[in-house]
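Coordinates from input_7.cif are shown below (mmCIF, C-alpha atoms).
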data_work
loop_
_atom_site.label_atom_id
_atom_site.label_comp_id
_atom_site.auth_asym_id
_atom_site.auth_seq_id
_atom_site.Cartn_x
_atom_site.Cartn_y
_atom_site.Cartn_z
CA MET A 30 111.52 87.49 105.23
CA LYS A 31 108.58 88.78 103.22
CA LEU A 32 108.92 90.81 100.04
CA TYR A 33 105.87 92.76 98.92
CA TYR A 34 105.78 93.94 95.32
CA ILE A 35 103.50 96.35 93.47
CA SER A 36 103.08 96.67 89.72
CA GLY A 37 102.70 99.73 87.52
CA LEU A 38 99.60 101.73 86.67
CA GLY A 39 96.77 99.36 85.80
CA ALA A 40 99.07 96.34 85.65
CA ASN A 41 98.88 93.03 87.49
CA GLU A 42 101.65 90.77 88.79
CA LYS A 43 102.38 89.41 85.30
CA ALA A 44 104.45 92.54 84.72
CA PHE A 45 106.99 90.85 87.04
CA SER A 46 106.89 87.52 85.20
CA HIS A 47 110.52 87.86 84.06
CA ILE A 48 111.81 88.83 87.51
CA GLU A 49 113.50 86.32 89.79
CA PHE A 50 113.40 87.54 93.36
CA PRO A 51 116.00 85.93 95.67
CA SER A 52 114.78 82.61 97.03
CA GLN A 53 115.06 83.57 100.71
CA PHE A 54 112.02 85.86 100.41
CA GLU A 55 108.37 84.99 100.70
CA LYS A 56 107.00 86.90 97.73
CA ILE A 57 103.60 88.60 98.11
CA PHE A 58 101.95 90.66 95.38
CA LEU A 59 99.89 93.67 96.49
CA PRO A 60 97.14 94.17 93.90
CA TRP A 61 95.58 97.49 93.06
CA ILE A 62 92.27 98.22 94.76
CA GLN A 63 89.44 100.50 93.74
CA PRO A 64 89.92 104.00 95.21
CA ASN A 65 87.06 105.53 97.12
CA VAL A 66 85.56 108.74 95.83
CA ASN A 67 87.96 111.65 96.54
CA GLU A 68 90.26 109.35 98.53
CA ASP A 69 93.74 110.71 99.19
CA LEU A 70 96.92 108.74 98.53
CA GLU A 71 97.73 108.26 102.22
CA ASN A 72 94.46 106.53 103.02
CA TYR A 73 94.67 104.47 99.85
CA ALA A 74 98.16 103.31 100.88
CA LYS A 75 96.84 102.34 104.32
CA ARG A 76 94.22 100.14 102.71
CA MET A 77 96.74 98.52 100.37
CA ALA A 78 99.07 97.83 103.29
CA LYS A 79 96.46 96.51 105.72
CA ASP A 80 97.82 92.93 105.65
CA ILE A 81 101.48 93.90 106.07
CA ASN A 82 102.83 92.96 109.49
CA GLU A 83 104.99 95.92 110.50
CA ASN A 84 106.40 94.00 113.48
CA GLU A 85 108.58 91.88 111.19
CA ASP A 86 111.20 92.98 108.67
CA PHE A 87 110.06 93.17 105.07
CA TYR A 88 111.07 94.61 101.72
CA LEU A 89 108.96 96.63 99.29
CA VAL A 90 109.44 96.61 95.52
CA GLY A 91 107.44 98.95 93.30
CA LEU A 92 107.29 99.46 89.54
CA SER A 93 106.44 102.93 88.15
CA PHE A 94 103.29 104.11 90.00
CA GLY A 95 103.84 101.07 92.22
CA GLY A 96 107.13 102.69 93.23
CA ILE A 97 105.27 105.76 94.43
CA MET A 98 102.84 103.55 96.31
CA ALA A 99 105.70 101.58 97.88
CA GLN A 100 107.12 104.85 99.23
CA GLU A 101 103.74 105.85 100.64
CA ILE A 102 103.39 102.46 102.34
CA ASN A 103 106.93 102.79 103.68
CA ARG A 104 105.92 106.05 105.36
CA ILE A 105 103.09 104.23 107.17
CA LYS A 106 104.78 100.88 107.75
CA PRO A 107 108.57 101.28 107.39
CA ALA A 108 110.29 98.59 105.33
CA LYS A 109 113.86 97.40 105.72
CA LYS A 110 114.45 98.53 102.15
CA VAL A 111 112.32 100.00 99.39
CA ILE A 112 113.33 99.22 95.81
CA ILE A 113 111.69 101.28 93.09
CA ILE A 114 112.01 100.50 89.38
CA SER A 115 111.24 102.95 86.56
CA SER A 116 109.69 105.34 89.06
CA ILE A 117 110.40 108.64 90.85
CA LYS A 118 111.38 109.63 94.38
CA ASN A 119 110.14 113.21 94.50
CA HIS A 120 108.37 116.03 92.71
CA ASP A 121 111.53 117.27 90.98
CA GLU A 122 112.01 113.99 89.12
CA LYS A 123 108.73 114.34 87.24
CA PRO A 124 108.85 115.27 83.55
CA LEU A 125 107.89 118.75 82.40
CA PHE A 126 104.52 117.68 81.01
CA MET A 127 103.45 116.56 84.49
CA HIS A 128 104.40 119.91 85.97
CA PHE A 129 102.43 121.60 83.19
CA SER A 130 99.43 119.37 83.76
CA LYS A 131 99.50 120.07 87.49
CA ARG A 132 99.18 123.79 86.80
CA THR A 133 96.60 123.51 84.02
CA TRP A 134 94.73 120.32 85.03
CA ALA A 135 95.06 119.20 81.41
CA HIS A 136 94.93 115.54 82.46
CA LYS A 137 91.36 116.10 83.66
CA LEU A 138 90.33 116.68 80.05
CA ILE A 139 91.22 113.14 78.95
CA PRO A 140 87.91 111.41 78.14
CA THR A 141 86.92 108.33 80.10
CA SER A 142 86.56 106.35 76.87
CA PHE A 143 90.30 106.78 76.27
CA PHE A 144 91.03 104.42 79.15
CA THR A 145 88.22 101.93 78.77
CA SER A 146 88.08 101.37 75.02
CA ASP A 147 90.14 99.17 72.74
CA LYS A 148 90.45 101.93 70.18
CA LEU A 149 93.77 102.27 68.42
CA VAL A 150 94.68 105.55 70.12
CA SER A 151 94.37 104.23 73.67
CA TYR A 152 95.94 100.88 72.82
CA ALA A 153 98.90 102.58 71.17
CA PHE A 154 99.34 104.92 74.14
CA PHE A 155 99.54 102.15 76.73
CA ARG A 156 101.63 99.95 74.44
CA ASN A 157 104.18 102.77 74.22
CA LEU A 158 103.96 103.35 77.97
CA TYR A 159 104.77 99.75 78.75
CA SER A 160 106.69 98.12 75.90
CA ASN A 161 106.62 97.54 72.16
CA LYS A 162 107.61 93.93 72.87
CA LEU A 163 104.38 92.99 74.58
CA PRO A 164 102.22 90.74 72.39
CA SER A 165 99.06 91.87 74.18
CA LEU A 166 98.20 94.32 76.91
CA ASN A 167 95.13 92.40 77.99
CA ASP A 168 97.14 89.91 80.08
CA ILE A 169 99.04 92.58 82.02
CA PHE A 170 96.95 95.76 81.85
CA GLU A 171 94.13 94.38 83.97
CA TYR A 172 92.82 97.32 86.03
CA ARG A 173 91.04 99.45 83.43
CA ASP A 174 88.31 101.00 85.52
CA SER A 175 88.10 104.61 84.38
CA TYR A 176 87.82 106.12 87.86
CA TYR A 177 90.84 104.15 89.12
CA LEU A 178 92.96 105.20 86.13
CA LYS A 179 92.02 108.89 86.22
CA TRP A 180 92.43 108.94 90.02
CA SER A 181 95.87 107.32 89.71
CA ILE A 182 97.11 109.76 87.07
CA ASN A 183 95.92 112.66 89.20
CA GLN A 184 97.77 111.25 92.23
CA ILE A 185 101.02 110.89 90.27
CA ILE A 186 100.84 114.42 88.90
CA HIS A 187 100.10 115.97 92.32
CA TRP A 188 102.43 113.75 94.37
CA LYS A 189 104.92 115.90 96.29
CA PRO A 190 106.45 113.88 99.15
CA THR A 191 108.38 115.55 101.97
CA TYR A 192 109.70 112.47 103.76
CA SER A 193 113.18 110.91 103.74
CA THR A 194 114.39 108.65 100.93
CA LYS A 195 117.27 107.15 102.91
CA ASN A 196 116.14 103.51 102.64
CA ILE A 197 115.08 103.76 98.99
CA ILE A 198 117.05 102.10 96.20
CA HIS A 199 116.21 103.41 92.74
CA ILE A 200 116.75 101.35 89.56
CA HIS A 201 116.20 103.31 86.34
CA GLY A 202 116.82 103.00 82.62
CA ASP A 203 118.43 105.71 80.53
CA LYS A 204 115.84 105.30 77.75
CA ASP A 205 112.73 105.74 79.90
CA PRO A 206 110.20 107.88 77.96
CA VAL A 207 107.85 108.37 80.93
CA PHE A 208 110.31 109.47 83.62
CA PRO A 209 113.37 110.76 81.70
CA PHE A 210 116.69 109.61 83.11
CA HIS A 211 118.29 113.07 83.16
CA LYS A 212 115.87 114.14 85.91
CA ILE A 213 116.52 111.11 88.14
CA LYS A 214 118.93 111.57 91.05
CA ASN A 215 121.38 108.83 92.11
CA PRO A 216 119.80 105.78 90.48
CA ILE A 217 121.30 102.42 89.68
CA LEU A 218 121.64 102.77 85.91
CA VAL A 219 120.35 100.20 83.45
CA LYS A 220 121.76 101.09 80.04
CA GLY A 221 119.18 100.92 77.28
CA GLY A 222 116.38 100.35 79.77
CA ASN A 223 112.96 101.77 78.90
CA HIS A 224 109.90 102.14 81.11
CA ILE A 225 109.19 98.41 81.11
CA MET A 226 112.79 97.27 81.39
CA ILE A 227 111.79 94.56 83.87
CA ILE A 228 110.77 92.73 80.68
CA GLN A 229 113.20 94.30 78.22
CA LYS A 230 116.23 94.08 80.54
CA SER A 231 115.07 91.44 83.01
CA LYS A 232 118.44 89.67 83.16
CA LYS A 233 120.16 92.87 84.27
CA ILE A 234 117.39 93.71 86.74
CA ASN A 235 117.67 90.23 88.27
CA GLU A 236 121.43 90.70 88.72
CA ILE A 237 120.86 94.04 90.46
CA LEU A 238 118.18 92.60 92.75
CA LYS A 239 120.47 89.72 93.69
CA ASP A 240 123.24 92.16 94.63
CA ILE A 241 120.85 94.31 96.67
#
I need this file expressed as structure tokens, please.
Amino acid sequence: MKLYYISGLGANEKAFSHIEFPSQFEKIFLPWIQPNVNEDLENYAKRMAKDINENEDFYLVGLSFGGIMAQEINRIKPAKKVIIISSIKNHDEKPLFMHFSKRTWAHKLIPTSFFTSDKLVSYAFFRNLYSNKLPSLNDIFEYRDSYYLKWSINQIIHWKPTYSTKNIIHIHGDKDPVFPFHKIKNPILVKGGNHIMIIQKSKKINEILKDI
């Protein structure tokens, strides 16, 4: 059986380097692609999923924004199970600052140079977003195109799914600064897990994945 996995915002498959998926799966990484101008999330998901054979059973695993994308792909090509890590299942699980930004469009004011430069402010932001244990973001944070990043943030903030979550398994840490644990409904708890707990708490995540 195939297992397709998707990394977090701007990250490549090295974000999963500490994860040991069960050996019975053929593991296939779905890389981020460049969004077309004004492309909606549904069409983007269709393009990401173009090589998935929906006539055979498969699993989807998504990290953070990759968890949102896994759910969008699942709506188009239903998976046997969808496993999301450090992500959200619906609009209500977003933090307050995302609700505020949706109303005010504050995220649109972030300058392009914030995403594309190596200045201390942007480096510190993404280091906090992912993990203070990462020696370098350059190996993992690969997709730094400004349009892709601003498009992605806009999609996250405006994402409001209406479809069922019945085949979704949610793994979440109680120390996640991006998607606070108190807003997450019915997750599998990882104590002490932050937003990049697949590195910080990889042993525990591997145990959970094996049980699933």
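The spacing separating atom CA of Ile117 of chain A from atom CA of Ile237 of chain A amounts to 18.0 Å.
Among the candidates A:Ala74, A:Leu92, A:Ile35, A:Met127, the one nearest to Asn183 of chain A when counting all atoms listed in the file is A:Met127.
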Once the PyMOL selection byres ((chain A and resi 33) around 8) is applied to the coordinates I shared, what remains selected? I want it as a VMD selection string. chain A and resid 31 to 32 34 to 35 56 to 59 87 to 90
Which polymer residues have any atom within 12 Å of an atom of segment 223-226 of chain A, counting all atoms listed in the file, with same-chain residues fewer than 2 positions away left out, as a short mmCIF file (atom, residue, chain, number, x, y, z; two decimals) with C-alpha atoms, in the coordinates of the input?
data_model
loop_
_atom_site.label_atom_id
_atom_site.label_comp_id
_atom_site.auth_asym_id
_atom_site.auth_seq_id
_atom_site.Cartn_x
_atom_site.Cartn_y
_atom_site.Cartn_z
CA SER A 36 103.08 96.67 89.72
CA GLY A 37 102.70 99.73 87.52
CA LEU A 38 99.60 101.73 86.67
CA ALA A 40 99.07 96.34 85.65
CA ALA A 44 104.45 92.54 84.72
CA PHE A 45 106.99 90.85 87.04
CA SER A 46 106.89 87.52 85.20
CA HIS A 47 110.52 87.86 84.06
CA ILE A 48 111.81 88.83 87.51
CA LEU A 92 107.29 99.46 89.54
CA SER A 93 106.44 102.93 88.15
CA PHE A 94 103.29 104.11 90.00
CA ILE A 114 112.01 100.50 89.38
CA SER A 115 111.24 102.95 86.56
CA SER A 116 109.69 105.34 89.06
CA ILE A 117 110.40 108.64 90.85
CA PHE A 155 99.54 102.15 76.73
CA ARG A 156 101.63 99.95 74.44
CA ASN A 157 104.18 102.77 74.22
CA LEU A 158 103.96 103.35 77.97
CA TYR A 159 104.77 99.75 78.75
CA SER A 160 106.69 98.12 75.90
CA ASN A 161 106.62 97.54 72.16
CA LYS A 162 107.61 93.93 72.87
CA LEU A 163 104.38 92.99 74.58
CA ILE A 169 99.04 92.58 82.02
CA ILE A 200 116.75 101.35 89.56
CA HIS A 201 116.20 103.31 86.34
CA GLY A 202 116.82 103.00 82.62
CA ASP A 203 118.43 105.71 80.53
CA LYS A 204 115.84 105.30 77.75
CA ASP A 205 112.73 105.74 79.90
CA PRO A 206 110.20 107.88 77.96
CA VAL A 207 107.85 108.37 80.93
CA PHE A 208 110.31 109.47 83.62
CA PRO A 209 113.37 110.76 81.70
CA PHE A 210 116.69 109.61 83.11
CA LEU A 218 121.64 102.77 85.91
CA VAL A 219 120.35 100.20 83.45
CA LYS A 220 121.76 101.09 80.04
CA GLY A 221 119.18 100.92 77.28
CA ILE A 228 110.77 92.73 80.68
CA GLN A 229 113.20 94.30 78.22
CA LYS A 230 116.23 94.08 80.54
CA SER A 231 115.07 91.44 83.01
CA LYS A 232 118.44 89.67 83.16
CA LYS A 233 120.16 92.87 84.27
CA ILE A 234 117.39 93.71 86.74
CA ASN A 235 117.67 90.23 88.27
#
Result set of the PyMOL selection byres ((chain A and resi 191) around 12) on the coordinates above, as a PyMOL selection string: chain A and resi 100-101+104+118-121+188-190+192-194
Selection above as a file: C-alpha atoms, as a PDB file, in the frame of the given file:
ATOM      1  CA  GLN A 100     107.120 104.850  99.230  1.00  0.00           C
ATOM      2  CA  GLU A 101     103.740 105.850 100.640  1.00  0.00           C
ATOM      3  CA  ARG A 104     105.920 106.050 105.360  1.00  0.00           C
ATOM      4  CA  LYS A 118     111.380 109.630  94.380  1.00  0.00           C
ATOM      5  CA  ASN A 119     110.140 113.210  94.500  1.00  0.00           C
ATOM      6  CA  HIS A 120     108.370 116.030  92.710  1.00  0.00           C
ATOM      7  CA  ASP A 121     111.530 117.270  90.980  1.00  0.00           C
ATOM      8  CA  TRP A 188     102.430 113.750  94.370  1.00  0.00           C
ATOM      9  CA  LYS A 189     104.920 115.900  96.290  1.00  0.00           C
ATOM     10  CA  PRO A 190     106.450 113.880  99.150  1.00  0.00           C
ATOM     11  CA  TYR A 192     109.700 112.470 103.760  1.00  0.00           C
ATOM     12  CA  SER A 193     113.180 110.910 103.740  1.00  0.00           C
ATOM     13  CA  THR A 194     114.390 108.650 100.930  1.00  0.00           C
TER      14      THR A 194
END
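A straight line drawn from atom CA of Lys110 of chain A to atom CA of Ile197 of chain A is 6.1 Å long.
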Record the distance separating atom CA of Asn196 of chain A and atom CA of Leu178 of chain A, expressed in Å with one decimal. 28.5 Å
Of A:Ile112, A:Ile186, A:Lys239, A:Tyr177, the one nearest to Tyr73 of chain A when counting all atoms listed in the file is A:Tyr177
Expected answer as a VMD selection string: all residues with atoms within 12 Å of (95.9, 109.9, 92.0), all atoms listed in the file: chain A and resid 38 63 to 74 94 to 95 97 to 98 131 136 to 137 176 to 189
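Each of A:Asp168, A:Glu42, A:Ser52, A:Asn215 was compared to Glu122 of chain A using only C-alpha atoms, and A:Asn215 turns out to be the nearest.
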Identify which of the residues A:Ile213, A:Ile227, A:Ile81, A:Ile102 lies closest to Met30 of chain A, counting all atoms listed in the file when measuring atom-to-atom distances. A:Ile81
Measuring atom to atom with only C-alpha atoms, identify which of A:Ile62, A:Lys212, A:Val111, A:Lys43 is nearest to Lys123 of chain A. A:Lys212
Please return segment 47-58 of chain A, rebuilt to N, CA and C atoms, as a PDB file, in the frame of the given file.
ATOM      1  N   HIS A  47     109.131  88.130  84.426  1.00  0.00           N
ATOM      2  CA  HIS A  47     110.520  87.860  84.060  1.00  0.00           C
ATOM      3  C   HIS A  47     111.492  88.110  85.211  1.00  0.00           C
ATOM      4  N   ILE A  48     110.960  88.490  86.364  1.00  0.00           N
ATOM      5  CA  ILE A  48     111.810  88.830  87.510  1.00  0.00           C
ATOM      6  C   ILE A  48     111.961  87.640  88.437  1.00  0.00           C
ATOM      7  N   GLU A  49     113.185  87.401  88.862  1.00  0.00           N
ATOM      8  CA  GLU A  49     113.500  86.320  89.790  1.00  0.00           C
ATOM      9  C   GLU A  49     113.951  86.925  91.113  1.00  0.00           C
ATOM     10  N   PHE A  50     113.031  87.036  92.046  1.00  0.00           N
ATOM     11  CA  PHE A  50     113.400  87.540  93.360  1.00  0.00           C
ATOM     12  C   PHE A  50     114.215  86.482  94.102  1.00  0.00           C
ATOM     13  N   PRO A  51     115.183  86.902  94.916  1.00  0.00           N
ATOM     14  CA  PRO A  51     116.000  85.930  95.670  1.00  0.00           C
ATOM     15  C   PRO A  51     115.140  84.957  96.462  1.00  0.00           C
ATOM     16  N   SER A  52     115.582  83.715  96.510  1.00  0.00           N
ATOM     17  CA  SER A  52     114.780  82.610  97.030  1.00  0.00           C
ATOM     18  C   SER A  52     114.481  82.706  98.526  1.00  0.00           C
ATOM     19  N   GLN A  53     115.268  83.503  99.265  1.00  0.00           N
ATOM     20  CA  GLN A  53     115.060  83.570 100.710  1.00  0.00           C
ATOM     21  C   GLN A  53     113.833  84.384 101.102  1.00  0.00           C
ATOM     22  N   PHE A  54     113.185  85.032 100.114  1.00  0.00           N
ATOM     23  CA  PHE A  54     112.020  85.860 100.410  1.00  0.00           C
ATOM     24  C   PHE A  54     110.721  85.119 100.140  1.00  0.00           C
ATOM     25  N   GLU A  55     109.748  85.385 100.991  1.00  0.00           N
ATOM     26  CA  GLU A  55     108.370  84.990 100.700  1.00  0.00           C
ATOM     27  C   GLU A  55     107.758  86.122  99.904  1.00  0.00           C
ATOM     28  N   LYS A  56     107.422  85.861  98.662  1.00  0.00           N
ATOM     29  CA  LYS A  56     107.000  86.900  97.730  1.00  0.00           C
ATOM     30  C   LYS A  56     105.482  87.064  97.749  1.00  0.00           C
ATOM     31  N   ILE A  57     105.031  88.306  97.992  1.00  0.00           N
ATOM     32  CA  ILE A  57     103.600  88.600  98.110  1.00  0.00           C
ATOM     33  C   ILE A  57     103.264  89.790  97.218  1.00  0.00           C
ATOM     34  N   PHE A  58     102.368  89.580  96.267  1.00  0.00           N
ATOM     35  CA  PHE A  58     101.950  90.660  95.380  1.00  0.00           C
ATOM     36  C   PHE A  58     100.823  91.460  96.024  1.00  0.00           C
TER      37      PHE A  58
END
